[in-house]
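For reference, coords_25.pdb is printed below; it contains PDB, C-alpha atoms.
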ATOM      1  CA  MET A   1       2.411  26.249  13.407  1.00  0.00           C
ATOM      2  CA  SER A   2       5.030  24.769  11.069  1.00  0.00           C
ATOM      3  CA  LYS A   3       6.556  22.845  14.008  1.00  0.00           C
ATOM      4  CA  LEU A   4       3.185  21.283  14.786  1.00  0.00           C
ATOM      5  CA  LEU A   5       2.421  20.226  11.200  1.00  0.00           C
ATOM      6  CA  PRO A   6       4.486  16.991  11.122  1.00  0.00           C
ATOM      7  CA  GLY A   7       2.859  15.811  14.356  1.00  0.00           C
ATOM      8  CA  LEU A   8      -0.599  16.666  13.044  1.00  0.00           C
ATOM      9  CA  VAL A   9       0.071  14.836   9.773  1.00  0.00           C
ATOM     10  CA  THR A  10       1.241  11.782  11.732  1.00  0.00           C
ATOM     11  CA  ALA A  11      -1.805  11.802  14.015  1.00  0.00           C
ATOM     12  CA  VAL A  12      -4.295  12.133  11.165  1.00  0.00           C
ATOM     13  CA  THR A  13      -2.532   9.472   9.112  1.00  0.00           C
ATOM     14  CA  LEU A  14      -2.536   7.026  12.026  1.00  0.00           C
ATOM     15  CA  LEU A  15      -6.212   7.720  12.692  1.00  0.00           C
ATOM     16  CA  ILE A  16      -7.076   6.994   9.059  1.00  0.00           C
ATOM     17  CA  GLY A  17      -5.051   3.784   9.134  1.00  0.00           C
ATOM     18  CA  CYS A  18      -6.586   2.568  12.378  1.00  0.00           C
ATOM     19  CA  THR A  19     -10.067   3.344  11.111  1.00  0.00           C
ATOM     20  CA  SER A  20      -9.422   1.463   7.870  1.00  0.00           C
ATOM     21  CA  ALA A  21      -8.077  -1.540   9.747  1.00  0.00           C
ATOM     22  CA  ALA A  22     -11.018  -1.536  12.159  1.00  0.00           C
ATOM     23  CA  LEU A  23     -13.538  -1.406   9.326  1.00  0.00           C
ATOM     24  CA  ALA A  24     -11.882  -4.317   7.574  1.00  0.00           C
ATOM     25  CA  ASP A  25     -11.479  -6.440  10.716  1.00  0.00           C
ATOM     26  CA  GLY A  26     -12.845  -9.911  10.200  1.00  0.00           C
ATOM     27  CA  ASN A  27     -13.295  -9.863   6.427  1.00  0.00           C
ATOM     28  CA  PRO A  28     -10.225 -10.646   4.333  1.00  0.00           C
ATOM     29  CA  ILE A  29     -11.508  -8.990   1.155  1.00  0.00           C
ATOM     30  CA  GLU A  30     -12.400  -5.785   2.999  1.00  0.00           C
ATOM     31  CA  ALA A  31      -9.050  -5.959   4.801  1.00  0.00           C
ATOM     32  CA  ARG A  32      -7.241  -6.226   1.451  1.00  0.00           C
ATOM     33  CA  GLN A  33      -9.218  -3.268   0.154  1.00  0.00           C
ATOM     34  CA  ALA A  34      -8.362  -1.176   3.236  1.00  0.00           C
ATOM     35  CA  CYS A  35      -4.711  -2.118   2.790  1.00  0.00           C
ATOM     36  CA  MET A  36      -4.753  -1.072  -0.866  1.00  0.00           C
ATOM     37  CA  LYS A  37      -6.456   2.232   0.007  1.00  0.00           C
ATOM     38  CA  ALA A  38      -3.800   2.958   2.636  1.00  0.00           C
ATOM     39  CA  ASN A  39      -1.097   2.014   0.138  1.00  0.00           C
ATOM     40  CA  GLY A  40      -2.654   4.306  -2.474  1.00  0.00           C
ATOM     41  CA  LYS A  41      -2.686   7.207  -0.028  1.00  0.00           C
ATOM     42  CA  MET A  42       0.938   6.495   0.852  1.00  0.00           C
ATOM     43  CA  MET A  43       1.873   6.470  -2.825  1.00  0.00           C
ATOM     44  CA  GLY A  44       0.053   9.791  -3.241  1.00  0.00           C
ATOM     45  CA  VAL A  45       2.132  11.373  -0.472  1.00  0.00           C
ATOM     46  CA  MET A  46       5.307  10.061  -2.045  1.00  0.00           C
ATOM     47  CA  ALA A  47       4.416  10.803  -5.670  1.00  0.00           C
ATOM     48  CA  ALA A  48       3.714  14.425  -4.790  1.00  0.00           C
ATOM     49  CA  VAL A  49       7.323  14.725  -3.613  1.00  0.00           C
ATOM     50  CA  ILE A  50       8.677  12.962  -6.698  1.00  0.00           C
ATOM     51  CA  LYS A  51       6.646  15.246  -8.985  1.00  0.00           C
ATOM     52  CA  GLY A  52       7.814  18.353  -7.112  1.00  0.00           C
ATOM     53  CA  GLU A  53       4.270  19.213  -6.031  1.00  0.00           C
ATOM     54  CA  LYS A  54       5.227  19.027  -2.349  1.00  0.00           C
ATOM     55  CA  PRO A  55       8.541  19.431  -0.576  1.00  0.00           C
ATOM     56  CA  TYR A  56      10.278  16.373   0.848  1.00  0.00           C
ATOM     57  CA  ASP A  57       8.919  15.763   4.350  1.00  0.00           C
ATOM     58  CA  LYS A  58      10.420  12.741   6.095  1.00  0.00           C
ATOM     59  CA  ALA A  59       7.788  12.850   8.865  1.00  0.00           C
ATOM     60  CA  ALA A  60       4.898  12.756   6.371  1.00  0.00           C
ATOM     61  CA  ILE A  61       6.501   9.894   4.453  1.00  0.00           C
ATOM     62  CA  ASP A  62       7.189   7.959   7.654  1.00  0.00           C
ATOM     63  CA  ALA A  63       3.592   8.486   8.805  1.00  0.00           C
ATOM     64  CA  ALA A  64       2.230   7.228   5.482  1.00  0.00           C
ATOM     65  CA  VAL A  65       4.533   4.198   5.621  1.00  0.00           C
ATOM     66  CA  SER A  66       3.421   3.441   9.182  1.00  0.00           C
ATOM     67  CA  THR A  67      -0.255   3.677   8.255  1.00  0.00           C
ATOM     68  CA  THR A  68       0.269   1.318   5.336  1.00  0.00           C
ATOM     69  CA  GLU A  69       2.146  -1.162   7.522  1.00  0.00           C
ATOM     70  CA  GLN A  70      -0.695  -1.167  10.045  1.00  0.00           C
ATOM     71  CA  ALA A  71      -3.413  -1.498   7.419  1.00  0.00           C
ATOM     72  CA  CYS A  72      -1.579  -4.321   5.641  1.00  0.00           C
ATOM     73  CA  ALA A  73      -0.343  -6.261   8.669  1.00  0.00           C
ATOM     74  CA  GLY A  74      -2.506  -9.308   7.959  1.00  0.00           C
ATOM     75  CA  TRP A  75      -1.650  -9.560   4.234  1.00  0.00           C
ATOM     76  CA  ALA A  76      -0.550 -13.197   4.292  1.00  0.00           C
ATOM     77  CA  ASN A  77      -3.903 -14.304   5.756  1.00  0.00           C
ATOM     78  CA  TRP A  78      -6.170 -12.573   3.228  1.00  0.00           C
ATOM     79  CA  TRP A  79      -5.821 -14.856   0.202  1.00  0.00           C
ATOM     80  CA  GLY A  80      -7.788 -17.979   1.071  1.00  0.00           C
ATOM     81  CA  ASP A  81      -9.754 -19.867  -1.573  1.00  0.00           C
ATOM     82  CA  ASP A  82     -12.930 -18.379  -0.088  1.00  0.00           C
ATOM     83  CA  THR A  83     -11.795 -14.892  -1.151  1.00  0.00           C
ATOM     84  CA  LYS A  84     -11.556 -15.554  -4.887  1.00  0.00           C
ATOM     85  CA  PRO A  85     -13.526 -13.381  -7.317  1.00  0.00           C
ATOM     86  CA  GLY A  86     -17.191 -14.211  -7.694  1.00  0.00           C
ATOM     87  CA  GLY A  87     -18.131 -14.229  -4.028  1.00  0.00           C
ATOM     88  CA  ALA A  88     -20.553 -12.026  -2.129  1.00  0.00           C
ATOM     89  CA  ILE A  89     -18.080  -9.133  -1.839  1.00  0.00           C
ATOM     90  CA  GLU A  90     -16.849  -7.580  -5.062  1.00  0.00           C
ATOM     91  CA  THR A  91     -13.099  -7.744  -5.489  1.00  0.00           C
ATOM     92  CA  GLU A  92     -10.664  -6.547  -8.123  1.00  0.00           C
ATOM     93  CA  ALA A  93      -8.416  -9.519  -7.401  1.00  0.00           C
ATOM     94  CA  LYS A  94      -7.885 -11.650 -10.502  1.00  0.00           C
ATOM     95  CA  ALA A  95      -8.120 -15.438 -10.409  1.00  0.00           C
ATOM     96  CA  GLU A  96      -4.435 -15.481 -11.383  1.00  0.00           C
ATOM     97  CA  ILE A  97      -3.582 -14.747  -7.750  1.00  0.00           C
ATOM     98  CA  TRP A  98      -4.650 -18.293  -6.945  1.00  0.00           C
ATOM     99  CA  SER A  99      -3.703 -20.017 -10.212  1.00  0.00           C
ATOM    100  CA  ASP A 100      -0.224 -18.413 -10.252  1.00  0.00           C
ATOM    101  CA  LYS A 101       0.518 -18.408  -6.533  1.00  0.00           C
ATOM    102  CA  ALA A 102       4.283 -18.496  -7.071  1.00  0.00           C
ATOM    103  CA  GLY A 103       4.107 -15.446  -9.323  1.00  0.00           C
ATOM    104  CA  PHE A 104       1.860 -13.566  -6.911  1.00  0.00           C
ATOM    105  CA  ASP A 105       4.109 -14.444  -3.972  1.00  0.00           C
ATOM    106  CA  ALA A 106       7.125 -13.227  -5.961  1.00  0.00           C
ATOM    107  CA  ALA A 107       5.326  -9.970  -6.808  1.00  0.00           C
ATOM    108  CA  SER A 108       4.457  -9.503  -3.122  1.00  0.00           C
ATOM    109  CA  ALA A 109       8.084 -10.152  -2.141  1.00  0.00           C
ATOM    110  CA  ASN A 110       9.303  -7.638  -4.736  1.00  0.00           C
ATOM    111  CA  TYR A 111       6.916  -5.049  -3.316  1.00  0.00           C
ATOM    112  CA  MET A 112       8.121  -5.691   0.240  1.00  0.00           C
ATOM    113  CA  LYS A 113      11.758  -5.345  -0.837  1.00  0.00           C
ATOM    114  CA  ALA A 114      11.047  -2.011  -2.549  1.00  0.00           C
ATOM    115  CA  PHE A 115       8.806  -0.868   0.337  1.00  0.00           C
ATOM    116  CA  SER A 116      11.562  -1.671   2.845  1.00  0.00           C
ATOM    117  CA  ALA A 117      14.100   0.249   0.753  1.00  0.00           C
ATOM    118  CA  VAL A 118      11.875   3.339   0.708  1.00  0.00           C
ATOM    119  CA  LYS A 119      11.169   2.982   4.425  1.00  0.00           C
ATOM    120  CA  ALA A 120      14.912   2.855   5.153  1.00  0.00           C
ATOM    121  CA  THR A 121      15.679   6.107   3.328  1.00  0.00           C
ATOM    122  CA  ALA A 122      17.025   8.897   5.479  1.00  0.00           C
ATOM    123  CA  ASP A 123      17.004  11.886   3.159  1.00  0.00           C
ATOM    124  CA  GLU A 124      15.472  13.275   0.002  1.00  0.00           C
ATOM    125  CA  ALA A 125      18.156  11.958  -2.334  1.00  0.00           C
ATOM    126  CA  SER A 126      17.916   8.370  -1.081  1.00  0.00           C
ATOM    127  CA  PHE A 127      14.110   8.559  -1.096  1.00  0.00           C
ATOM    128  CA  LYS A 128      14.034   9.767  -4.703  1.00  0.00           C
ATOM    129  CA  ALA A 129      16.448   7.006  -5.685  1.00  0.00           C
ATOM    130  CA  ALA A 130      14.393   4.254  -3.979  1.00  0.00           C
ATOM    131  CA  PHE A 131      10.878   5.332  -4.903  1.00  0.00           C
ATOM    132  CA  PRO A 132      10.808   4.333  -8.615  1.00  0.00           C
ATOM    133  CA  ALA A 133      11.284   0.647  -7.741  1.00  0.00           C
ATOM    134  CA  LEU A 134       8.305   0.811  -5.380  1.00  0.00           C
ATOM    135  CA  GLY A 135       6.102   2.353  -8.053  1.00  0.00           C
ATOM    136  CA  ALA A 136       7.234  -0.259 -10.556  1.00  0.00           C
ATOM    137  CA  THR A 137       6.303  -3.128  -8.215  1.00  0.00           C
ATOM    138  CA  CYS A 138       2.816  -1.696  -7.718  1.00  0.00           C
ATOM    139  CA  LYS A 139       2.319  -1.303 -11.455  1.00  0.00           C
ATOM    140  CA  SER A 140       3.530  -4.782 -12.382  1.00  0.00           C
ATOM    141  CA  CYS A 141       1.431  -6.475  -9.705  1.00  0.00           C
ATOM    142  CA  HIS A 142      -1.679  -4.513 -10.665  1.00  0.00           C
ATOM    143  CA  GLU A 143      -1.200  -5.368 -14.332  1.00  0.00           C
ATOM    144  CA  ALA A 144      -0.951  -9.079 -13.613  1.00  0.00           C
ATOM    145  CA  TYR A 145      -3.247  -9.546 -10.619  1.00  0.00           C
ATOM    146  CA  ARG A 146      -5.829  -6.749 -10.456  1.00  0.00           C
ATOM    147  CA  ALA A 147      -8.916  -6.682 -12.635  1.00  0.00           C
ATOM    148  CA  PRO A 148     -10.146  -3.358 -14.013  1.00  0.00           C
ATOM    149  CA  LYS A 149     -12.825  -1.678 -11.933  1.00  0.00           C
ATOM    150  CA  SER A 150     -16.262  -2.623 -13.121  1.00  0.00           C
TER     151      SER A 150
END
Render the structure in this file as C-alpha cells.
Amino acid sequence: MSKLLPGLVTAVTLLIGCTSAALADGNPIEARQACMKANGKMMGVMAAVIKGEKPYDKAAIDAAVSTTEQACAGWANWWGDDTKPGGAIETEAKAEIWSDKAGFDAASANYMKAFSAVKATADEASFKAAFPALGATCKSCHEAYRAPKS
C-alpha cells in the first residue's frame, strides 16, 4: 500500500487540478480563483511538511506543484480591464493590480522565482530552505493586491 500512495496522491491531485481548470475555462476571474485555490492546496501540502505535521514526500510536493502549474497556466491573460473589481463576478482582486501594474508584475515575478526554486528542490533540506521565500511572496502579494473576503 505504501508504494501505491505516491501514485494515488499524484492522480488525485491532477484530477483536482484538471477539474478546477475546466470549471474556470473561459472566464478569467473564475480561472484566477481556480488558480489561487490550487495554489492554496499546494501551500497546504508544503506547510504541513514545514510544520512537521507530515513527513517530507517529494512525490506529493511535485504533484501539488504540477497541479498548480496546470491551474495557473493562463495567468498572464487573466488581468484585463474587464476583470477589475465591481463586475458581475465577485473578486478579491484589488484595484491596485491595475493602478500599480509594475508593482503587481514585480510581485508575480517574485512569486515565480520562489516557486521555481521550490520546484527545483531535490531533497528535504533544500525544500525547507526554499519554502520560506515562497510563503513570503504569497503574503506580500496578498497584502498589497487582495481585498479581504466580504
### Message
Could you tell me, as a VMD selection string, exactly which residues end up selected when the PyMOL selection byres ((chain A and resi 140) around 12) is applied to this structure?
### Response
chain A and resid 103 to 104 106 to 108 110 to 111 133 to 139 141 to 146
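Between CA of Cys35 (chain A) and CA of Ala48 (chain A) the separation is 20.1 Å.
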Region 42-52 of chain A, all listed atoms, 8 Å padding on each side: what axis-aligned box centre and edge lengths in Å to one decimal come out, as AutoDock Vina command-line options?
--center_x 4.4 --center_y 12.4 --center_z -4.1 --size_x 24.6 --size_y 27.9 --size_z 25.8
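Distance-wise, CA of Glu92 (chain A) and CA of Ser66 (chain A) end up 24.4 Å apart.
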#### Entry: Residue nearest Lys84 (chain A) among A:Ala125, A:Ile29, A:Ser116, A:Asp100 (counting all atoms listed in the file)
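Of the candidates, the smallest distance to Lys84 (chain A) is held by A:Ile29.
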#### Entry: Atomic distance CA of Gln70 (chain A) - CA of Lys128 (chain A), expressed in Å with one decimal
23.5 Å
Pick out the residues sitting within 10 Å of Asn77 (chain A), and hand them over as a PDB file with C-alpha atoms, in the coordinates of the input; count all atoms listed in the file, and ignore anything fewer than 6 positions along from it in its own chain.
ATOM      1  CA  PRO A  28     -10.225 -10.646   4.333  1.00  0.00           C
ATOM      2  CA  ALA A  31      -9.050  -5.959   4.801  1.00  0.00           C
ATOM      3  CA  ARG A  32      -7.241  -6.226   1.451  1.00  0.00           C
TER       4      ARG A  32
END
Could you rebuild region 48-69 of chain A with N, CA, C and O atoms and give it back as a tab-separated table (two decimals), keeping the file's coordinate frame?
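Okay, this is what ended up in rebuild-v4.tsv:
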chain	number	residue	atom	x	y	z
A	48	ALA	N	3.73	12.96	-4.80
A	48	ALA	CA	3.71	14.42	-4.79
A	48	ALA	C	5.12	14.99	-4.59
A	48	ALA	O	5.47	16.02	-5.16
A	49	VAL	N	5.93	14.30	-3.81
A	49	VAL	CA	7.32	14.72	-3.61
A	49	VAL	C	8.12	14.48	-4.89
A	49	VAL	O	8.86	15.35	-5.35
A	50	ILE	N	7.95	13.31	-5.47
A	50	ILE	CA	8.68	12.96	-6.70
A	50	ILE	C	8.35	13.95	-7.82
A	50	ILE	O	9.23	14.37	-8.57
A	51	LYS	N	7.08	14.32	-7.93
A	51	LYS	CA	6.65	15.25	-8.98
A	51	LYS	C	7.00	16.69	-8.69
A	51	LYS	O	6.78	17.57	-9.53
A	52	GLY	N	7.49	16.98	-7.49
A	52	GLY	CA	7.81	18.35	-7.11
A	52	GLY	C	6.61	19.17	-6.69
A	52	GLY	O	6.69	20.39	-6.56
A	53	GLU	N	5.48	18.51	-6.46
A	53	GLU	CA	4.27	19.21	-6.03
A	53	GLU	C	4.31	19.56	-4.54
A	53	GLU	O	3.64	20.48	-4.10
A	54	LYS	N	5.07	18.80	-3.79
A	54	LYS	CA	5.23	19.03	-2.35
A	54	LYS	C	6.69	18.86	-2.00
A	54	LYS	O	7.41	18.07	-2.62
A	55	PRO	N	7.14	19.60	-0.99
A	55	PRO	CA	8.54	19.43	-0.58
A	55	PRO	C	8.73	18.10	0.15
A	55	PRO	O	7.78	17.54	0.72
A	56	TYR	N	9.95	17.60	0.12
A	56	TYR	CA	10.28	16.37	0.85
A	56	TYR	C	9.99	16.60	2.33
A	56	TYR	O	10.39	17.59	2.91
A	57	ASP	N	9.28	15.68	2.93
A	57	ASP	CA	8.92	15.76	4.35
A	57	ASP	C	9.02	14.35	4.93
A	57	ASP	O	8.12	13.54	4.78
A	58	LYS	N	10.15	14.07	5.55
A	58	LYS	CA	10.42	12.74	6.10
A	58	LYS	C	9.31	12.31	7.06
A	58	LYS	O	8.88	11.15	7.03
A	59	ALA	N	8.83	13.21	7.89
A	59	ALA	CA	7.79	12.85	8.86
A	59	ALA	C	6.50	12.42	8.17
A	59	ALA	O	5.86	11.45	8.58
A	60	ALA	N	6.12	13.12	7.11
A	60	ALA	CA	4.90	12.76	6.37
A	60	ALA	C	5.06	11.41	5.68
A	60	ALA	O	4.14	10.59	5.67
A	61	ILE	N	6.23	11.17	5.12
A	61	ILE	CA	6.50	9.89	4.45
A	61	ILE	C	6.50	8.76	5.48
A	61	ILE	O	5.86	7.72	5.27
A	62	ASP	N	7.16	8.98	6.61
A	62	ASP	CA	7.19	7.96	7.65
A	62	ASP	C	5.79	7.66	8.18
A	62	ASP	O	5.45	6.51	8.44
A	63	ALA	N	4.96	8.69	8.33
A	63	ALA	CA	3.59	8.49	8.80
A	63	ALA	C	2.78	7.67	7.80
A	63	ALA	O	2.03	6.76	8.17
A	64	ALA	N	2.94	7.97	6.52
A	64	ALA	CA	2.23	7.23	5.48
A	64	ALA	C	2.69	5.78	5.43
A	64	ALA	O	1.89	4.85	5.28
A	65	VAL	N	3.98	5.56	5.59
A	65	VAL	CA	4.53	4.20	5.62
A	65	VAL	C	3.96	3.44	6.82
A	65	VAL	O	3.53	2.29	6.69
A	66	SER	N	3.94	4.08	7.97
A	66	SER	CA	3.42	3.44	9.18
A	66	SER	C	1.95	3.06	9.03
A	66	SER	O	1.53	1.96	9.41
A	67	THR	N	1.16	3.95	8.46
A	67	THR	CA	-0.26	3.68	8.26
A	67	THR	C	-0.44	2.49	7.32
A	67	THR	O	-1.27	1.61	7.57
A	68	THR	N	0.35	2.43	6.27
A	68	THR	CA	0.27	1.32	5.34
A	68	THR	C	0.67	0.01	6.02
A	68	THR	O	0.01	-1.01	5.85
A	69	GLU	N	1.73	0.05	6.80
A	69	GLU	CA	2.15	-1.16	7.52
A	69	GLU	C	1.03	-1.67	8.43
A	69	GLU	O	0.76	-2.87	8.48
